[in-house]
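Worksheet: one structure, shown below.
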Amino acid sequence: MAEHTEERSRSRKLPGSRALRWGVGVPAALALVLYGVSFFLDEPLRDMMEKRMNRHLVGYSVRLPGLHLNLLSLSLTLKGLTVLQQAHPDPPVVHFPVLKASIVWHEVLSGKLVAAFKLDSPSININMEQLHSQVDSKVKLKEQGWQQAIEDIYPLKINTVKINNASVTYVNPAPAQPLVLNHLNLDATNIRNIHSPDQVYPSSFHLDTAILGTGHATINGAANFLGEPFPGIKGRVQFEKVPMDNLKPLMKGPNLSVHGGILGALGEAEYSPKIKTAHLEKLTIQGMNVEYTHGKHTAAIEKKRAVAVQQAAKKITNKPGLVIRADRVNLTHCTFGYVDNAAAKPYRLFLADADLELSNFSNQFAQGPARATLKAKFMGTGDTAASLNFRPAKEGRDLDLHLKIEETQMTALNDLLRDYGNFDVSAGVFSLVTELHIKGDTLSGYVKPFFRDMQVYDSRKDKGRSLTHKMYEMLVGGAAKILQNRPHQEVATKVIIKGSLKHPETSTWQIVGQLFKNAFIKALVPSFDR
């Protein structure tokens, strides 16, 4: 009886056991079949995708060594995708070790069928030859087929992008070191604007990266990636401990050289079809050395550059819809030098240990005047203080400059004196006060130099020179003594500056610099000559 009961019990359980086995076994078998079939599809799909992408691209080509299609998750993984510029294929422009495209499954529940892209350790390489080739290309960037090539990767529209540990390398001409951004991470969501489509910037993103080893940058913002005629973007940007030395290739020109310095910055920017703003809240640079060299062979280039800068400044000054602001810029412990190699006897002027602060700078008149203050050591010894107020006036210019230099050792100016006055000094102290004002197209002001304890002729220093030159230096020294020993009067001379700025092809600072240099030399040298 018991055996009969046990047999009936087993017979009752058997249908359920079979159903369970079928319920588990069939999906498992199907998954196994799909897994195996996907491998047979990988190579034909890889070959087809590589050919289709190359058909769309103009001036570029791609290589796709590997691809895997997962039929269970409907995801696609590209392995070793490489983009090359046909004119300069080495190095590759972009290399993606792994790029995975998949469905965003949680959006399916809300009726949205979109894709997510995930890129691990991609590398971007750029060099000057490739940049020049792109700039010189007659085919516009938007016509080079990039959008179609990307759409060929996956049939669904991209809604989220996640990039992990990317690197960007700008390869400088030898012997300069490459500029490198590494450990770059990016998260961008709602690219297709499927959530909150009525917002101006419905898509959010975050980017962070290391810069040149010690530096770091972060950008947090929002965007309208579908904006017309081009996408709009708004973000908050921060740079920390960026070494300026590695940025020299970006700043170096035929006349300008930059050495040293650590940069930090904080600000916001917005760029869209309707609004273009750049708001720099704070910029600091410590320990930078800047040298500007003027030479005969660069004179023509300098003139062209001055014209280009002047024209560019006019275009953005008080331009509607374009707002550029800088709340505070601080340059500390810097050196600014000017070298004139075009002079008969080359010389160098410089400000050492300079602290420069610029506040409330803007391209818009309504923002009010900007102010700059400077403290430095002229030629390494003379205490220097300057203040500058200016604003982007609607009509003409608006500028006021006050400058005071005290107790500069005159021996540091010997190269300048040799070029302009054909003499040098063995002792002496030099000071200077000047004011400069620009209103509209009129420039006015003065240069007033002071000097004391000046020794021009030195029998030991000048023993190798001609008799004529010795007599000349004695006369200059004697004139200087007469001037500085006048009762209750230390002023060597005072030169009035007057001029017109009605030269649209020349920049304001170029005119000011030339007038100031001429007045400075006229104030200093001819007084001694007399």
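Going by the structure tokens order, chains are called A, B, ..., each with residues numbered from 1, while ligands are numbered from 1 in the order shown.
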_Which residues are near stretch 371-380 of chain A? Cut-off 7 Å, only C-alpha atoms, ignore same chain within fewer than 4 positions. Put them as number ranges by chain._
A: 349-360, 384-390, 408, 412
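Within stretch 302-420 of chain A, the backbone-based DSSP assignment of alpha helix (DSSP H) covers A:Glu302, A:Lys303, A:Lys304, A:Arg305, A:Ala306, A:Val307, A:Ala308, A:Val309, A:Gln310, A:Gln311, A:Ala312, A:Ala313, A:Lys314, A:Lys315, A:Ile316, A:Asn414, A:Asp415, A:Leu416, A:Leu417, A:Arg418, A:Asp419, A:Tyr420.
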Store the residues of this selection in a file with C-alpha atoms, as a tab-separated table (two decimals), in the first residue's frame.
```
chain	number	residue	atom	x	y	z
A	302	GLU	CA	54.91	92.54	-35.92
A	303	LYS	CA	53.17	95.19	-37.98
A	304	LYS	CA	50.79	92.68	-39.56
A	305	ARG	CA	50.06	91.15	-36.17
A	306	ALA	CA	49.30	94.59	-34.70
A	307	VAL	CA	46.80	95.25	-37.48
A	308	ALA	CA	45.16	91.85	-36.97
A	309	VAL	CA	44.88	92.36	-33.20
A	310	GLN	CA	43.45	95.83	-33.66
A	311	GLN	CA	40.84	94.61	-36.12
A	312	ALA	CA	39.90	91.66	-33.90
A	313	ALA	CA	39.53	93.97	-30.88
A	314	LYS	CA	37.25	96.30	-32.84
A	315	LYS	CA	35.03	93.40	-33.85
A	316	ILE	CA	34.36	92.26	-30.29
A	414	ASN	CA	73.98	101.13	-19.90
A	415	ASP	CA	72.96	99.15	-22.98
A	416	LEU	CA	70.11	101.60	-23.58
A	417	LEU	CA	72.40	104.60	-23.04
A	418	ARG	CA	75.00	103.23	-25.42
A	419	ASP	CA	72.44	102.81	-28.17
A	420	TYR	CA	70.67	106.17	-27.83
```
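Rounded to one decimal, atom CA of A:Gly235 and atom CA of A:Gln130 lie 28.7 Å from each other.
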*asked:* Based on the backbone DSSP call, show me all residues of stretch 87-305 of chain A assigned strand (DSSP E), as a PyMOL selection string.
replied: chain A and resi 94-103+115-120+123-127+158-171+179-188+203-211+215-224+232-243+256-259+262-271+276-286+289-294
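Going from atom CA of A:His279 over to atom CA of A:Arg391, you cover 16.8 Å.
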*asked:* Env of stretch 203-208 of chain A: 7 Å cut, atoms = only C-alpha atoms, seq-sep filter 6 positions within chain, self excluded. Answer as a PyMOL selection string.
replied: chain A and resi 184-191+193+217-224
Given the selection you just returned, output its residues as a file containing N, CA and C atoms, formatted as an mmCIF file, in the first residue's frame.
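result-v8.cif, written as the output of this step:
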```cif
data_model
loop_
_atom_site.group_PDB
_atom_site.id
_atom_site.type_symbol
_atom_site.label_atom_id
_atom_site.label_comp_id
_atom_site.auth_asym_id
_atom_site.auth_seq_id
_atom_site.Cartn_x
_atom_site.Cartn_y
_atom_site.Cartn_z
ATOM 1 N N LEU A 184 41.381 61.316 -18.609
ATOM 2 C CA LEU A 184 40.217 62.130 -18.940
ATOM 3 C C LEU A 184 38.958 61.269 -18.861
ATOM 4 N N ASN A 185 37.965 61.764 -18.124
ATOM 5 C CA ASN A 185 36.690 61.066 -17.965
ATOM 6 C C ASN A 185 35.549 62.004 -18.343
ATOM 7 N N LEU A 186 34.562 61.454 -19.041
ATOM 8 C CA LEU A 186 33.426 62.254 -19.486
ATOM 9 C C LEU A 186 32.139 61.461 -19.322
ATOM 10 N N ASP A 187 31.131 62.118 -18.753
ATOM 11 C CA ASP A 187 29.779 61.559 -18.677
ATOM 12 C C ASP A 187 28.824 62.580 -19.278
ATOM 13 N N ALA A 188 28.088 62.180 -20.300
ATOM 14 C CA ALA A 188 27.093 63.052 -20.928
ATOM 15 C C ALA A 188 25.783 62.284 -21.018
ATOM 16 N N THR A 189 24.707 62.896 -20.557
ATOM 17 C CA THR A 189 23.414 62.219 -20.528
ATOM 18 C C THR A 189 22.356 63.034 -21.274
ATOM 19 N N ASN A 190 21.272 62.335 -21.626
ATOM 20 C CA ASN A 190 20.105 62.956 -22.287
ATOM 21 C C ASN A 190 20.504 63.712 -23.557
ATOM 22 N N ILE A 191 21.412 63.128 -24.322
ATOM 23 C CA ILE A 191 21.886 63.768 -25.555
ATOM 24 C C ILE A 191 20.749 63.950 -26.555
ATOM 25 N N ASN A 193 17.731 64.534 -25.812
ATOM 26 C CA ASN A 193 16.705 65.422 -25.237
ATOM 27 C C ASN A 193 15.370 64.704 -25.030
ATOM 28 N N ALA A 217 41.833 69.703 -14.383
ATOM 29 C CA ALA A 217 40.743 70.527 -14.891
ATOM 30 C C ALA A 217 39.422 69.791 -14.743
ATOM 31 N N THR A 218 38.373 70.542 -14.434
ATOM 32 C CA THR A 218 37.018 69.985 -14.376
ATOM 33 C C THR A 218 36.061 70.935 -15.093
ATOM 34 N N ILE A 219 35.082 70.351 -15.758
ATOM 35 C CA ILE A 219 34.017 71.123 -16.405
ATOM 36 C C ILE A 219 32.694 70.462 -16.051
ATOM 37 N N ASN A 220 31.801 71.234 -15.456
ATOM 38 C CA ASN A 220 30.452 70.766 -15.173
ATOM 39 C C ASN A 220 29.483 71.673 -15.916
ATOM 40 N N GLY A 221 28.610 71.055 -16.703
ATOM 41 C CA GLY A 221 27.753 71.912 -17.501
ATOM 42 C C GLY A 221 26.529 71.212 -18.053
ATOM 43 N N ALA A 222 25.875 71.927 -18.942
ATOM 44 C CA ALA A 222 24.680 71.424 -19.620
ATOM 45 C C ALA A 222 24.755 71.845 -21.076
ATOM 46 N N ALA A 223 24.042 71.123 -21.918
ATOM 47 C CA ALA A 223 24.142 71.380 -23.356
ATOM 48 C C ALA A 223 22.828 71.072 -24.055
ATOM 49 N N ASN A 224 22.710 71.638 -25.234
ATOM 50 C CA ASN A 224 21.651 71.262 -26.169
ATOM 51 C C ASN A 224 22.355 70.726 -27.405
#
```
*Contacts of A:Leu280 within 12 Å, only C-alpha atoms, excl. fewer than 4 positions in-chain, as JSON, numbers by chain*: {"A": [235, 236, 237, 238, 239, 264, 265, 266, 267, 268, 269, 270, 284, 323, 324, 325, 326, 327, 328, 329, 330, 358, 359, 360, 361, 362]}
_Which residues are near stretch 117-122 of chain A? Cut-off 9 Å, only C-alpha atoms, ignore same chain within fewer than 4 positions. Put them as a PyMOL selection string._
chain A and resi 94-102+158-168+183-184
*Separation of atom CA of A:Ala366 and atom CA of A:Gly499, in Å?*
27.6 Å
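Of the residues listed (A:Ser426, A:Asn70, A:Gln199, A:Ser61), A:Ser61 shows the shortest atom-to-atom separation from A:Ala87; distances use only C-alpha atoms.
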